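J.: Got a structure for you, protein-v3.csv, holding CSV, C-alpha atoms.
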chain,number,residue,atom,x,y,z
D,1,MET,CA,10.3,-123.8,-79.5
D,2,ILE,CA,12.7,-125.3,-82.0
D,3,ILE,CA,13.6,-128.0,-79.6
D,4,CYS,CA,10.0,-128.7,-78.9
D,5,LYS,CA,9.2,-129.1,-82.6
D,6,LEU,CA,12.1,-131.5,-83.0
D,7,ASP,CA,11.0,-133.6,-80.0
D,8,CYS,CA,7.4,-133.7,-81.3
D,9,ARG,CA,8.6,-134.7,-84.7
D,10,SER,CA,10.8,-137.5,-83.4
D,11,LEU,CA,7.9,-138.8,-81.3
D,12,ALA,CA,5.7,-138.9,-84.4
D,13,THR,CA,8.2,-140.8,-86.5
D,14,VAL,CA,8.5,-144.6,-86.1
D,15,THR,CA,11.5,-146.0,-88.0
D,16,HIS,CA,12.4,-149.6,-88.9
D,17,ASN,CA,15.0,-151.0,-86.5
D,18,PRO,CA,15.8,-154.6,-87.5
D,19,ARG,CA,17.7,-155.1,-84.2
D,20,VAL,CA,14.5,-154.7,-82.2
D,21,SER,CA,11.8,-157.4,-82.2
D,22,THR,CA,8.7,-157.9,-80.1
D,23,PRO,CA,8.6,-160.9,-77.8
D,24,LEU,CA,6.3,-163.6,-79.0
D,25,ARG,CA,3.5,-164.8,-76.8
D,26,HIS,CA,1.6,-168.1,-77.0
D,27,ASP,CA,-0.8,-167.5,-74.1
D,28,TRP,CA,-3.2,-164.8,-75.4
D,29,THR,CA,-6.7,-164.8,-73.9
D,30,ARG,CA,-9.8,-163.9,-75.9
D,31,GLN,CA,-10.4,-160.9,-73.6
D,32,GLU,CA,-6.9,-159.5,-74.3
D,33,ILE,CA,-7.2,-159.8,-78.1
D,34,GLN,CA,-10.8,-158.5,-78.0
D,35,LYS,CA,-9.6,-155.4,-76.2
D,36,ILE,CA,-7.0,-154.7,-78.9
D,37,TYR,CA,-9.6,-155.4,-81.6
D,38,ASP,CA,-12.1,-153.0,-80.1
D,39,SER,CA,-9.7,-150.1,-79.5
D,40,PRO,CA,-10.2,-146.9,-81.5
D,41,LEU,CA,-9.2,-147.7,-85.1
D,42,LEU,CA,-6.6,-145.0,-85.7
D,43,ASP,CA,-5.0,-145.8,-82.4
D,44,LEU,CA,-5.0,-149.5,-83.3
D,45,VAL,CA,-3.5,-148.8,-86.7
D,46,PHE,CA,-0.7,-146.7,-85.2
D,47,ARG,CA,0.1,-149.4,-82.6
D,48,ALA,CA,0.2,-152.1,-85.3
D,49,SER,CA,2.3,-149.9,-87.6
D,50,SER,CA,4.8,-149.3,-84.8
D,51,ILE,CA,5.1,-153.0,-84.0
D,52,HIS,CA,5.3,-153.8,-87.7
D,53,ARG,CA,8.3,-151.4,-88.1
D,54,GLN,CA,10.0,-153.0,-85.1
D,55,ASN,CA,9.8,-156.4,-86.7
D,56,HIS,CA,9.8,-155.9,-90.5
D,57,ASP,CA,11.1,-153.6,-93.1
D,58,PRO,CA,8.0,-151.5,-93.7
D,59,ASN,CA,8.9,-150.8,-97.3
D,60,LYS,CA,9.1,-154.5,-98.3
D,61,VAL,CA,6.1,-156.5,-99.5
D,62,GLN,CA,6.3,-160.2,-100.5
D,63,LEU,CA,4.9,-160.9,-104.0
D,64,CYS,CA,3.2,-164.3,-104.3
D,65,THR,CA,1.6,-165.9,-107.3
D,66,LEU,CA,-1.0,-168.7,-107.1
D,67,MET,CA,-1.8,-171.3,-109.6
D,68,ASN,CA,-4.8,-173.7,-109.5
D,69,ILE,CA,-3.3,-177.1,-110.5
D,70,LYS,CA,-6.4,-179.1,-110.1
D,71,THR,CA,-9.8,-177.4,-110.3
D,72,GLY,CA,-13.2,-178.4,-108.9
D,73,GLY,CA,-14.8,-181.7,-108.1
D,74,CYS,CA,-14.0,-181.4,-104.4
D,75,SER,CA,-16.1,-183.6,-102.0
D,76,GLU,CA,-16.0,-181.0,-99.2
D,77,ASP,CA,-18.9,-178.7,-98.5
D,78,CYS,CA,-17.1,-175.4,-97.7
D,79,SER,CA,-20.0,-173.0,-98.1
D,80,TYR,CA,-17.8,-170.3,-99.7
D,81,CYS,CA,-16.1,-172.4,-102.4
D,82,SER,CA,-17.1,-172.8,-106.0
D,83,GLN,CA,-14.9,-175.9,-106.3
D,84,SER,CA,-17.2,-178.1,-104.2
D,85,SER,CA,-18.9,-180.8,-106.2
D,86,ARG,CA,-22.0,-180.2,-104.0
D,87,TYR,CA,-22.9,-176.9,-105.6
D,88,SER,CA,-23.8,-175.8,-109.1
D,89,THR,CA,-21.2,-173.0,-109.9
D,90,PRO,CA,-19.4,-171.6,-112.9
D,91,THR,CA,-16.3,-173.7,-112.0
D,92,THR,CA,-15.7,-176.7,-114.1
D,93,ALA,CA,-13.8,-179.7,-112.7
D,94,SER,CA,-10.5,-180.6,-114.3
D,95,ARG,CA,-7.7,-183.1,-113.8
D,96,LEU,CA,-4.3,-182.4,-112.2
D,97,VAL,CA,-2.3,-180.4,-114.7
D,98,ASP,CA,1.0,-181.6,-116.2
D,99,ILE,CA,4.4,-180.4,-115.0
D,100,GLU,CA,5.3,-178.2,-117.9
D,101,PRO,CA,2.5,-175.6,-117.6
D,102,VAL,CA,3.5,-175.2,-113.9
D,103,ILE,CA,7.1,-174.6,-114.8
D,104,GLU,CA,6.1,-172.1,-117.4
D,105,ALA,CA,3.7,-170.3,-115.0
D,106,ALA,CA,6.4,-170.2,-112.2
D,107,ARG,CA,9.0,-168.8,-114.7
D,108,LYS,CA,6.6,-166.1,-115.7
D,109,ALA,CA,5.8,-165.2,-112.1
D,110,LYS,CA,9.5,-165.0,-111.3
D,111,GLU,CA,10.2,-162.7,-114.3
D,112,ASN,CA,7.5,-160.4,-113.0
D,113,GLY,CA,9.0,-160.2,-109.5
D,114,SER,CA,7.1,-162.9,-107.6
D,115,THR,CA,9.3,-164.7,-105.1
D,116,ARG,CA,6.8,-167.3,-103.8
D,117,PHE,CA,4.9,-169.6,-106.1
D,118,CYS,CA,1.8,-171.3,-104.6
D,119,MET,CA,0.0,-174.3,-106.1
D,120,GLY,CA,-3.5,-175.3,-105.0
D,121,ALA,CA,-5.5,-178.5,-105.7
D,122,ALA,CA,-9.2,-179.0,-104.9
D,123,TRP,CA,-8.9,-182.1,-102.9
D,124,ARG,CA,-10.1,-183.2,-99.4
D,125,ASP,CA,-6.9,-185.1,-99.0
D,126,LEU,CA,-4.3,-187.2,-100.9
D,127,ALA,CA,-5.7,-190.6,-100.2
D,128,GLY,CA,-5.5,-192.8,-103.3
D,129,ARG,CA,-3.6,-190.1,-105.3
D,130,LYS,CA,-0.2,-191.7,-105.3
D,131,ARG,CA,0.7,-190.8,-108.9
D,132,GLY,CA,-0.8,-187.3,-108.6
D,133,PHE,CA,1.2,-186.7,-105.4
D,134,GLU,CA,4.4,-187.9,-107.1
D,135,ARG,CA,3.8,-185.4,-109.9
D,136,ILE,CA,3.2,-182.6,-107.3
D,137,LEU,CA,6.5,-183.5,-105.6
D,138,GLN,CA,8.2,-183.1,-108.9
D,139,MET,CA,6.5,-179.7,-109.4
D,140,VAL,CA,7.8,-178.6,-106.0
D,141,ARG,CA,11.4,-179.7,-107.0
D,142,GLU,CA,11.2,-177.8,-110.3
D,143,VAL,CA,10.0,-174.6,-108.8
D,144,ARG,CA,12.3,-174.7,-105.9
D,145,GLY,CA,15.1,-175.3,-108.4
D,146,MET,CA,14.3,-171.8,-109.8
D,147,GLY,CA,15.3,-170.2,-106.5
D,148,MET,CA,11.7,-169.4,-105.6
D,149,GLU,CA,9.9,-170.2,-102.4
D,150,VAL,CA,7.3,-172.9,-103.0
D,151,CYS,CA,3.9,-173.3,-101.3
D,152,THR,CA,1.1,-175.8,-101.8
D,153,THR,CA,-2.4,-176.3,-100.5
D,154,LEU,CA,-3.6,-179.8,-101.1
D,155,GLY,CA,-6.1,-180.5,-98.3
D,156,MET,CA,-5.3,-182.7,-95.3
D,157,LEU,CA,-1.9,-184.2,-95.0
D,158,SER,CA,-0.4,-187.2,-93.1
D,159,PRO,CA,2.9,-186.7,-91.3
D,160,GLU,CA,4.6,-188.9,-94.0
D,161,GLN,CA,3.2,-186.8,-96.8
D,162,ALA,CA,4.4,-183.7,-95.1
D,163,LYS,CA,7.8,-185.2,-94.7
D,164,GLN,CA,7.9,-186.0,-98.5
D,165,LEU,CA,6.9,-182.5,-99.4
D,166,LYS,CA,9.7,-181.1,-97.2
D,167,GLU,CA,12.3,-183.4,-98.7
D,168,ALA,CA,11.1,-182.2,-102.2
D,169,GLY,CA,11.9,-178.6,-101.1
D,170,LEU,CA,8.5,-177.2,-100.1
D,171,THR,CA,8.8,-173.9,-98.3
D,172,ALA,CA,5.3,-173.5,-96.9
D,173,TYR,CA,2.0,-175.2,-96.7
D,174,ASN,CA,-1.3,-173.3,-96.7
D,175,HIS,CA,-4.1,-174.8,-94.5
D,176,ASN,CA,-6.5,-172.1,-93.4
D,177,LEU,CA,-8.6,-172.4,-90.2
D,178,ASP,CA,-11.1,-170.0,-91.9
D,179,THR,CA,-12.8,-168.7,-88.8
D,180,SER,CA,-13.2,-169.4,-85.1
D,181,ARG,CA,-13.7,-172.8,-83.7
D,182,GLU,CA,-17.2,-171.8,-82.6
D,183,PHE,CA,-18.4,-170.5,-85.9
D,184,TYR,CA,-16.6,-173.1,-88.1
D,185,PRO,CA,-19.5,-175.7,-88.1
D,186,GLN,CA,-21.7,-173.0,-89.7
D,187,VAL,CA,-19.3,-172.9,-92.7
D,188,ILE,CA,-18.0,-176.5,-93.1
D,189,THR,CA,-19.3,-179.9,-91.9
D,190,THR,CA,-17.2,-182.4,-93.8
D,191,ARG,CA,-13.9,-181.6,-92.1
D,192,SER,CA,-13.5,-180.8,-88.4
D,193,TYR,CA,-11.5,-178.0,-86.9
D,194,ASP,CA,-9.3,-180.5,-85.1
D,195,GLU,CA,-8.6,-182.2,-88.5
D,196,ARG,CA,-7.3,-178.9,-89.8
D,197,LEU,CA,-5.2,-178.4,-86.7
D,198,GLY,CA,-3.8,-182.0,-87.2
D,199,THR,CA,-2.6,-181.1,-90.7
D,200,ILE,CA,-1.0,-177.9,-89.4
D,201,SER,CA,0.8,-180.0,-86.8
D,202,ALA,CA,2.1,-182.5,-89.3
D,203,VAL,CA,3.4,-179.6,-91.5
D,204,ARG,CA,5.1,-177.9,-88.6
D,205,ASP,CA,6.6,-181.1,-87.3
D,206,ALA,CA,8.1,-181.8,-90.8
D,207,GLY,CA,9.9,-178.4,-90.7
D,208,ILE,CA,7.7,-176.7,-93.3
D,209,SER,CA,6.6,-173.2,-92.6
D,210,VAL,CA,2.9,-172.9,-91.8
D,211,CYS,CA,0.6,-170.6,-93.8
D,212,SER,CA,-2.8,-170.4,-92.0
D,213,GLY,CA,-5.3,-167.6,-91.8
D,214,GLY,CA,-9.0,-167.0,-92.5
D,215,ILE,CA,-11.8,-165.6,-94.5
D,216,LEU,CA,-13.8,-162.5,-93.5
D,217,GLY,CA,-17.4,-162.1,-94.6
D,218,LEU,CA,-18.7,-165.6,-93.9
D,219,GLY,CA,-21.3,-164.3,-91.5
D,220,GLU,CA,-19.0,-164.4,-88.6
D,221,SER,CA,-18.9,-161.9,-85.7
D,222,ASP,CA,-16.1,-159.7,-84.4
D,223,GLN,CA,-15.7,-162.2,-81.7
D,224,ASP,CA,-15.1,-165.0,-84.3
D,225,ARG,CA,-12.4,-162.9,-85.9
D,226,VAL,CA,-10.8,-162.5,-82.5
D,227,GLY,CA,-11.2,-166.3,-81.9
D,228,LEU,CA,-9.3,-167.1,-85.2
D,229,ILE,CA,-6.4,-164.8,-84.2
D,230,GLN,CA,-6.2,-166.4,-80.8
D,231,GLU,CA,-6.2,-169.9,-82.2
D,232,VAL,CA,-3.1,-169.2,-84.5
D,233,ALA,CA,-1.4,-167.0,-81.9
D,234,ASN,CA,-1.4,-169.8,-79.3
D,235,MET,CA,0.0,-172.5,-81.6
D,236,PRO,CA,3.5,-173.9,-80.6
D,237,GLU,CA,4.9,-171.6,-83.3
D,238,HIS,CA,3.2,-168.6,-84.8
D,239,PRO,CA,2.4,-169.3,-88.5
D,240,GLU,CA,5.0,-167.9,-90.9
D,241,SER,CA,2.2,-166.3,-92.7
D,242,PHE,CA,-1.4,-165.3,-92.0
D,243,PRO,CA,-3.6,-164.8,-95.1
D,244,VAL,CA,-6.5,-162.5,-94.7
D,245,ASN,CA,-9.1,-163.2,-97.3
D,246,ALA,CA,-12.2,-161.1,-98.0
D,247,LEU,CA,-15.1,-163.3,-99.2
D,248,VAL,CA,-15.8,-163.1,-102.9
D,249,PRO,CA,-19.4,-164.3,-103.1
D,250,ILE,CA,-19.7,-166.8,-106.0
D,251,PRO,CA,-23.1,-167.6,-107.6
D,252,GLY,CA,-24.2,-171.1,-106.7
D,253,THR,CA,-22.5,-171.3,-103.3
D,254,PRO,CA,-24.5,-171.0,-100.1
D,255,LEU,CA,-22.8,-167.7,-99.4
D,256,GLU,CA,-23.5,-166.1,-102.8
D,257,GLY,CA,-25.7,-163.4,-101.2
D,258,ASN,CA,-23.3,-162.3,-98.5
D,259,GLU,CA,-22.3,-158.6,-98.5
D,260,ARG,CA,-18.8,-157.3,-99.1
D,261,VAL,CA,-16.7,-157.0,-96.0
D,262,PRO,CA,-16.4,-153.4,-94.9
D,263,HIS,CA,-12.8,-152.0,-95.3
D,264,HIS,CA,-12.7,-151.0,-91.6
D,265,THR,CA,-13.4,-154.6,-90.6
D,266,LEU,CA,-10.6,-155.8,-92.8
D,267,LEU,CA,-8.2,-153.1,-91.5
D,268,ARG,CA,-9.1,-153.8,-87.9
D,269,THR,CA,-8.5,-157.5,-88.3
D,270,ILE,CA,-5.1,-157.0,-90.0
D,271,ALA,CA,-4.0,-154.5,-87.3
D,272,THR,CA,-5.0,-156.8,-84.5
D,273,ALA,CA,-3.2,-159.7,-86.1
D,274,ARG,CA,-0.1,-157.6,-86.5
D,275,VAL,CA,-0.1,-156.7,-82.8
D,276,VAL,CA,-0.6,-160.3,-81.7
D,277,LEU,CA,1.6,-162.0,-84.4
D,278,PRO,CA,4.5,-159.5,-84.6
D,279,GLY,CA,6.9,-161.6,-86.6
D,280,THR,CA,4.3,-163.2,-89.0
D,281,ILE,CA,3.9,-162.2,-92.7
D,282,ILE,CA,0.3,-160.9,-93.1
D,283,ARG,CA,-1.0,-161.5,-96.6
D,284,LEU,CA,-3.7,-159.6,-98.3
D,285,ALA,CA,-5.3,-162.4,-100.2
D,286,ALA,CA,-8.7,-163.0,-102.0
D,287,GLY,CA,-10.8,-159.9,-102.5
D,288,ARG,CA,-7.9,-157.5,-102.7
D,289,ASP,CA,-8.9,-156.5,-106.2
D,290,THR,CA,-12.1,-154.9,-104.8
D,291,LEU,CA,-10.1,-152.5,-102.6
D,292,SER,CA,-9.1,-149.0,-103.8
D,293,GLU,CA,-5.4,-148.2,-103.8
D,294,SER,CA,-5.8,-146.0,-100.7
D,295,GLU,CA,-7.6,-148.8,-98.9
D,296,GLN,CA,-4.8,-151.2,-99.8
D,297,VAL,CA,-2.1,-148.8,-98.6
D,298,MET,CA,-4.0,-148.4,-95.2
D,299,CYS,CA,-3.7,-152.2,-94.9
D,300,PHE,CA,0.0,-152.0,-95.5
D,301,MET,CA,0.3,-149.3,-92.9
D,302,ALA,CA,-1.6,-151.6,-90.4
D,303,GLY,CA,0.9,-154.4,-91.0
D,304,ALA,CA,0.0,-156.3,-94.1
D,305,ASN,CA,3.2,-157.1,-96.0
D,306,ALA,CA,2.4,-159.7,-98.7
D,307,ILE,CA,0.0,-159.9,-101.6
D,308,PHE,CA,-1.1,-162.3,-104.3
D,309,THR,CA,-0.3,-160.8,-107.7
D,310,GLY,CA,-0.6,-162.1,-111.2
D,311,GLU,CA,-3.4,-163.4,-113.4
D,312,GLN,CA,-5.7,-165.3,-111.2
D,313,MET,CA,-6.3,-166.6,-107.7
D,314,LEU,CA,-7.8,-170.1,-107.4
D,315,THR,CA,-11.2,-169.2,-108.8
D,316,THR,CA,-11.4,-165.5,-108.2
D,317,PRO,CA,-9.8,-162.4,-109.8
D,318,CYS,CA,-6.3,-161.2,-108.9
D,319,SER,CA,-4.6,-157.8,-109.5
D,320,PRO,CA,-2.1,-158.1,-112.4
D,321,TRP,CA,1.6,-157.7,-111.9
D,322,ASP,CA,1.9,-154.4,-113.8
D,323,GLU,CA,-0.8,-152.7,-111.7
D,324,ASP,CA,0.7,-153.9,-108.5
D,325,LYS,CA,4.2,-152.9,-109.4
D,326,ALA,CA,3.0,-149.4,-110.4
D,327,MET,CA,1.1,-149.1,-107.1
D,328,MET,CA,4.1,-150.2,-105.1
D,329,GLY,CA,6.3,-147.7,-106.9
D,330,ARG,CA,4.0,-144.8,-106.1
D,331,TRP,CA,4.2,-145.6,-102.4
D,332,GLY,CA,7.9,-146.5,-102.2
D,333,LEU,CA,7.4,-150.2,-101.7
D,334,GLU,CA,9.5,-152.9,-103.1
D,335,GLY,CA,9.3,-156.7,-103.3
D,336,MET,CA,11.0,-159.0,-100.8
D,337,GLN,CA,13.6,-161.4,-102.0
D,338,SER,CA,13.1,-165.2,-101.8
D,339,PHE,CA,13.8,-166.5,-98.3
D,340,GLU,CA,14.1,-163.0,-96.8
D,341,GLN,CA,11.8,-163.8,-94.0
D,342,PRO,CA,14.2,-165.0,-91.2
D,343,SER,CA,12.0,-167.9,-90.0
D,344,VAL,CA,11.8,-169.3,-93.5
D,345,ALA,CA,15.5,-168.9,-94.1
D,346,ARG,CA,16.3,-170.7,-90.9
D,347,LYS,CA,14.1,-173.7,-91.9
D,348,GLU,CA,15.6,-173.7,-95.4
D,349,ALA,CA,19.2,-173.7,-93.9
D,350,ALA,CA,18.2,-176.6,-91.7
D,351,LEU,CA,17.9,-178.8,-94.8
D,352,ARG,CA,21.7,-178.9,-94.8
D,353,PRO,CA,22.7,-178.7,-91.1
D,354,GLN,CA,26.2,-179.8,-91.9
D,355,ASN,CA,26.8,-176.6,-93.8
D,356,PRO,CA,25.2,-173.7,-91.8
D,357,ARG,CA,24.6,-170.6,-93.8
D,358,THR,CA,23.5,-167.1,-92.9
D,359,VAL,CA,20.4,-165.6,-94.5
D,360,SER,CA,22.5,-163.4,-96.8
D,361,GLU,CA,24.5,-166.4,-97.9
D,362,LEU,CA,21.3,-168.4,-98.7
D,363,GLN,CA,19.9,-165.5,-100.7
D,364,ALA,CA,23.1,-165.1,-102.7
D,365,GLU,CA,23.1,-168.8,-103.5
D,366,LEU,CA,19.5,-168.6,-104.8
D,367,SER,CA,19.9,-165.4,-106.8
Could you write out this file's structure as structure tokens?
T.:
Amino acid sequence: MIICKLDCRSLATVTHNPRVSTPLRHDWTRQEIQKIYDSPLLDLVFRASSIHRQNHDPNKVQLCTLMNIKTGGCSEDCSYCSQSSRYSTPTTASRLVDIEPVIEAARKAKENGSTRFCMGAAWRDLAGRKRGFERILQMVREVRGMGMEVCTTLGMLSPEQAKQLKEAGLTAYNHNLDTSREFYPQVITTRSYDERLGTISAVRDAGISVCSGGILGLGESDQDRVGLIQEVANMPEHPESFPVNALVPIPGTPLEGNERVPHHTLLRTIATARVVLPGTIIRLAAGRDTLSESEQVMCFMAGANAIFTGEQMLTTPCSPWDEDKAMMGRWGLEGMQSFEQPSVARKEAALRPQNPRTVSELQAELS
């Protein structure tokens, strides 16, 4: 009986083994992913948690802070966004901020434990914004000089613009697909799905880590959530990070009356993404502040391992640093270091191929 109890206990315990990683696939079918998505939820969470522990330290969570460096006035018609000039919303348009406030915000984020600093500008693209782009390149250099990972989201990019961002030290570029190819025209008409994929290709080809995910609660079906996961899973490289946003309905936007996404839908999407994207960082993004602590912890159990923390998202609320650090402490979680994600460290080291460095050497240099 004692032996039986020990055996059962060992079977029920899944430990982190950094030497084991799940093979990556780029040929997923919709039917395969749908079968995973539709499996009993607790079975799915257990499967996802097991895969998560094989590929990541389950006690580590990446802390990211987001700053809106240019608010509103966007010409796009994204039906969820208060920054579109087509809708009457509480958001007021503003010019691109100066460099100093960005440096101050990044410094504050780092002091509070964030290791990735993200900057967003409400633009369709960078056409005709040469001086603004030069300022953003300097922002990237300054934040990167602090030893932080740097991410931007600036709309569509050309290959040359992506190359310039990489040379400035950009770690990652966020360009969400939002939803499935089929449902996408119901949400946005001013930018095609293929244009989004084109920007992602330019980013990837420049050696920048891709951050691309979606939004739940747009009116999409379960099949659309599966379609989104399939789209990113079958890219030439899995995205370094996959943000999962829960729609925050904003007055004045076409989706202002949409209902909150049920937690079980959020959890099922995260768990499915973890199974299909085993090495990718899965980020709990917009809407996290509406979740209870236990709901958030279930998301971590299912494979989420990054959050936005700080004072504000782009136009929606964000959980403050102190609350997040207290929550993490209660559950034995700790923040990742900068460049701890192996795929990010490899691309960072590739900036200086004449002096190859290990991940630990790179982290020591940046600390």
J.: Check the smallest atom-to-atom distance from each of D:Gly310, D:Pro40, D:Gly214, D:Gly198 to D:Tyr80 using all atoms listed in the file, then report the winner.
T.: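 Nearest to D:Tyr80: D:Gly214.
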J.: Closest to D:Arg260 among D:Arg288, D:His238, D:Ala202, D:Cys78, using only C-alpha atoms?
T.: D:Arg288
J.: Point out the residue among D:Asp205, D:Glu348, D:Asp222, D:Glu195 with the least atom-to-atom distance to D:Met148, counting all atoms listed in the file.
T.: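 So, comparing all the options, the nearest one is D:Glu348.
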J.: May I ask which of the residues D:Gly279, D:Val244, D:Gln223, D:Met336 is the closest one to D:Cys299, counting only C-alpha atoms?
T.: D:Val244
J.: So that I can check the surroundings of D:Asn59, please list as a list in words every protein, DNA and RNA residue that reaches within 10 Å of it, counting only C-alpha atoms and ignoring chain neighbours fewer than 2 positions away.
T.: His16, Arg53, His56, Asp57, Val61, Phe300, Met301, Asn305, Met328, Trp331, Gly332, Leu333, Glu334, Gly335 and Met336 of chain D
J.: Any idea what's packed within 7 Å of D:Ala302, counting only C-alpha atoms, ignoring anything in its chain fewer than 5 positions away? Could you give it as a ChimeraX atom specification?
T.: /D:45,48-49,267,270-271
J.: Extract, using only C-alpha atoms, all DNA, RNA and protein residues at most 10 Å from D:Pro236, discarding same-chain residues fewer than 3 positions from it, and format them as a list in words.
T.: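 Near neighbours after the sequence-gap exclusion: Arg25, His26, Ser201, Arg204, Val232, Ala233 and Pro239 of chain D.
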J.: From the set D:Ile200, D:Leu177, D:Leu218, D:Val275, which residue has the shortest atom-to-atom contact distance to D:Glu231, counting all atoms listed in the file?
T.: D:Leu177
J.: Need the shell around D:Pro249: protein/DNA/RNA residues with any atom at most 10 Å away, counting all atoms listed in the file. Skip same-chain ones fewer than 2 positions apart. Format as a tab-separated table (two decimals) with C-alpha atoms, in the frame of the given file?
T.:
chain	number	residue	atom	x	y	z
D	80	TYR	CA	-17.80	-170.30	-99.70
D	81	CYS	CA	-16.10	-172.40	-102.40
D	82	SER	CA	-17.10	-172.80	-106.00
D	217	GLY	CA	-17.40	-162.10	-94.60
D	218	LEU	CA	-18.70	-165.60	-93.90
D	246	ALA	CA	-12.20	-161.10	-98.00
D	247	LEU	CA	-15.10	-163.30	-99.20
D	251	PRO	CA	-23.10	-167.60	-107.60
D	252	GLY	CA	-24.20	-171.10	-106.70
D	253	THR	CA	-22.50	-171.30	-103.30
D	254	PRO	CA	-24.50	-171.00	-100.10
D	255	LEU	CA	-22.80	-167.70	-99.40
D	256	GLU	CA	-23.50	-166.10	-102.80
D	257	GLY	CA	-25.70	-163.40	-101.20
D	258	ASN	CA	-23.30	-162.30	-98.50
D	259	GLU	CA	-22.30	-158.60	-98.50
D	260	ARG	CA	-18.80	-157.30	-99.10
D	287	GLY	CA	-10.80	-159.90	-102.50
D	316	THR	CA	-11.40	-165.50	-108.20
J.: Kindly assemble as a tab-separated table a list of the stretch 25-120 of chain D residues that lie within 8 Å of stretch 152-161 of chain D, each paired with its nearest atom pair and their distance in Å to one decimal, using all atoms listed in the file, sorted first by chain and then by ascending residue number.
T.:
residue	atom	partner	partner_atom	distance
D:Cys118	CA	D:Thr152	CA	5.3
D:Met119	CA	D:Thr152	CA	4.7
D:Gly120	CA	D:Thr153	CA	4.7
J.: Could you add the missing atoms to stretch 127-131 of chain D, up to all heavy atoms, and return them as a PDB file, in the frame of the given file?
T.:
ATOM      1  N   ALA D 127      -5.453-189.153-100.251  1.00  0.00           N
ATOM      2  CA  ALA D 127      -5.700-190.600-100.200  1.00  0.00           C
ATOM      3  C   ALA D 127      -6.020-191.115-101.609  1.00  0.00           C
ATOM      4  O   ALA D 127      -6.865-190.559-102.323  1.00  0.00           O
ATOM      5  CB  ALA D 127      -6.867-190.893 -99.262  1.00  0.00           C
ATOM      6  N   GLY D 128      -5.320-192.180-102.025  1.00  0.00           N
ATOM      7  CA  GLY D 128      -5.500-192.800-103.300  1.00  0.00           C
ATOM      8  C   GLY D 128      -5.014-191.962-104.497  1.00  0.00           C
ATOM      9  O   GLY D 128      -5.385-192.214-105.642  1.00  0.00           O
ATOM     10  N   ARG D 129      -4.154-191.004-104.221  1.00  0.00           N
ATOM     11  CA  ARG D 129      -3.600-190.100-105.300  1.00  0.00           C
ATOM     12  C   ARG D 129      -2.115-190.239-105.365  1.00  0.00           C
ATOM     13  O   ARG D 129      -1.412-189.227-105.490  1.00  0.00           O
ATOM     14  CB  ARG D 129      -4.052-188.689-105.026  1.00  0.00           C
ATOM     15  CG  ARG D 129      -5.542-188.521-104.765  1.00  0.00           C
ATOM     16  CD  ARG D 129      -5.932-187.063-104.615  1.00  0.00           C
ATOM     17  NE  ARG D 129      -7.233-186.911-104.023  1.00  0.00           N
ATOM     18  CZ  ARG D 129      -8.386-187.016-104.665  1.00  0.00           C
ATOM     19  NH1 ARG D 129      -8.382-187.296-105.961  1.00  0.00           N
ATOM     20  NH2 ARG D 129      -9.535-186.864-104.038  1.00  0.00           N
ATOM     21  N   LYS D 130      -1.601-191.439-105.308  1.00  0.00           N
ATOM     22  CA  LYS D 130      -0.200-191.700-105.300  1.00  0.00           C
ATOM     23  C   LYS D 130       0.543-191.055-106.486  1.00  0.00           C
ATOM     24  O   LYS D 130       1.543-190.324-106.350  1.00  0.00           O
ATOM     25  CB  LYS D 130       0.164-193.139-105.170  1.00  0.00           C
ATOM     26  CG  LYS D 130       1.653-193.439-105.049  1.00  0.00           C
ATOM     27  CD  LYS D 130       1.910-194.925-104.885  1.00  0.00           C
ATOM     28  CE  LYS D 130       3.412-195.199-104.777  1.00  0.00           C
ATOM     29  NZ  LYS D 130       3.687-196.655-104.622  1.00  0.00           N
ATOM     30  N   ARG D 131       0.037-191.345-107.686  1.00  0.00           N
ATOM     31  CA  ARG D 131       0.700-190.800-108.900  1.00  0.00           C
ATOM     32  C   ARG D 131       0.566-189.306-108.970  1.00  0.00           C
ATOM     33  O   ARG D 131       1.516-188.618-109.371  1.00  0.00           O
ATOM     34  CB  ARG D 131       0.065-191.474-110.128  1.00  0.00           C
ATOM     35  CG  ARG D 131       0.354-192.970-110.245  1.00  0.00           C
ATOM     36  CD  ARG D 131      -0.271-193.558-111.488  1.00  0.00           C
ATOM     37  NE  ARG D 131       0.258-192.967-112.717  1.00  0.00           N
ATOM     38  CZ  ARG D 131      -0.191-193.266-113.931  1.00  0.00           C
ATOM     39  NH1 ARG D 131      -1.185-194.143-114.080  1.00  0.00           N
ATOM     40  NH2 ARG D 131       0.348-192.697-114.989  1.00  0.00           N
TER      41      ARG D 131
END
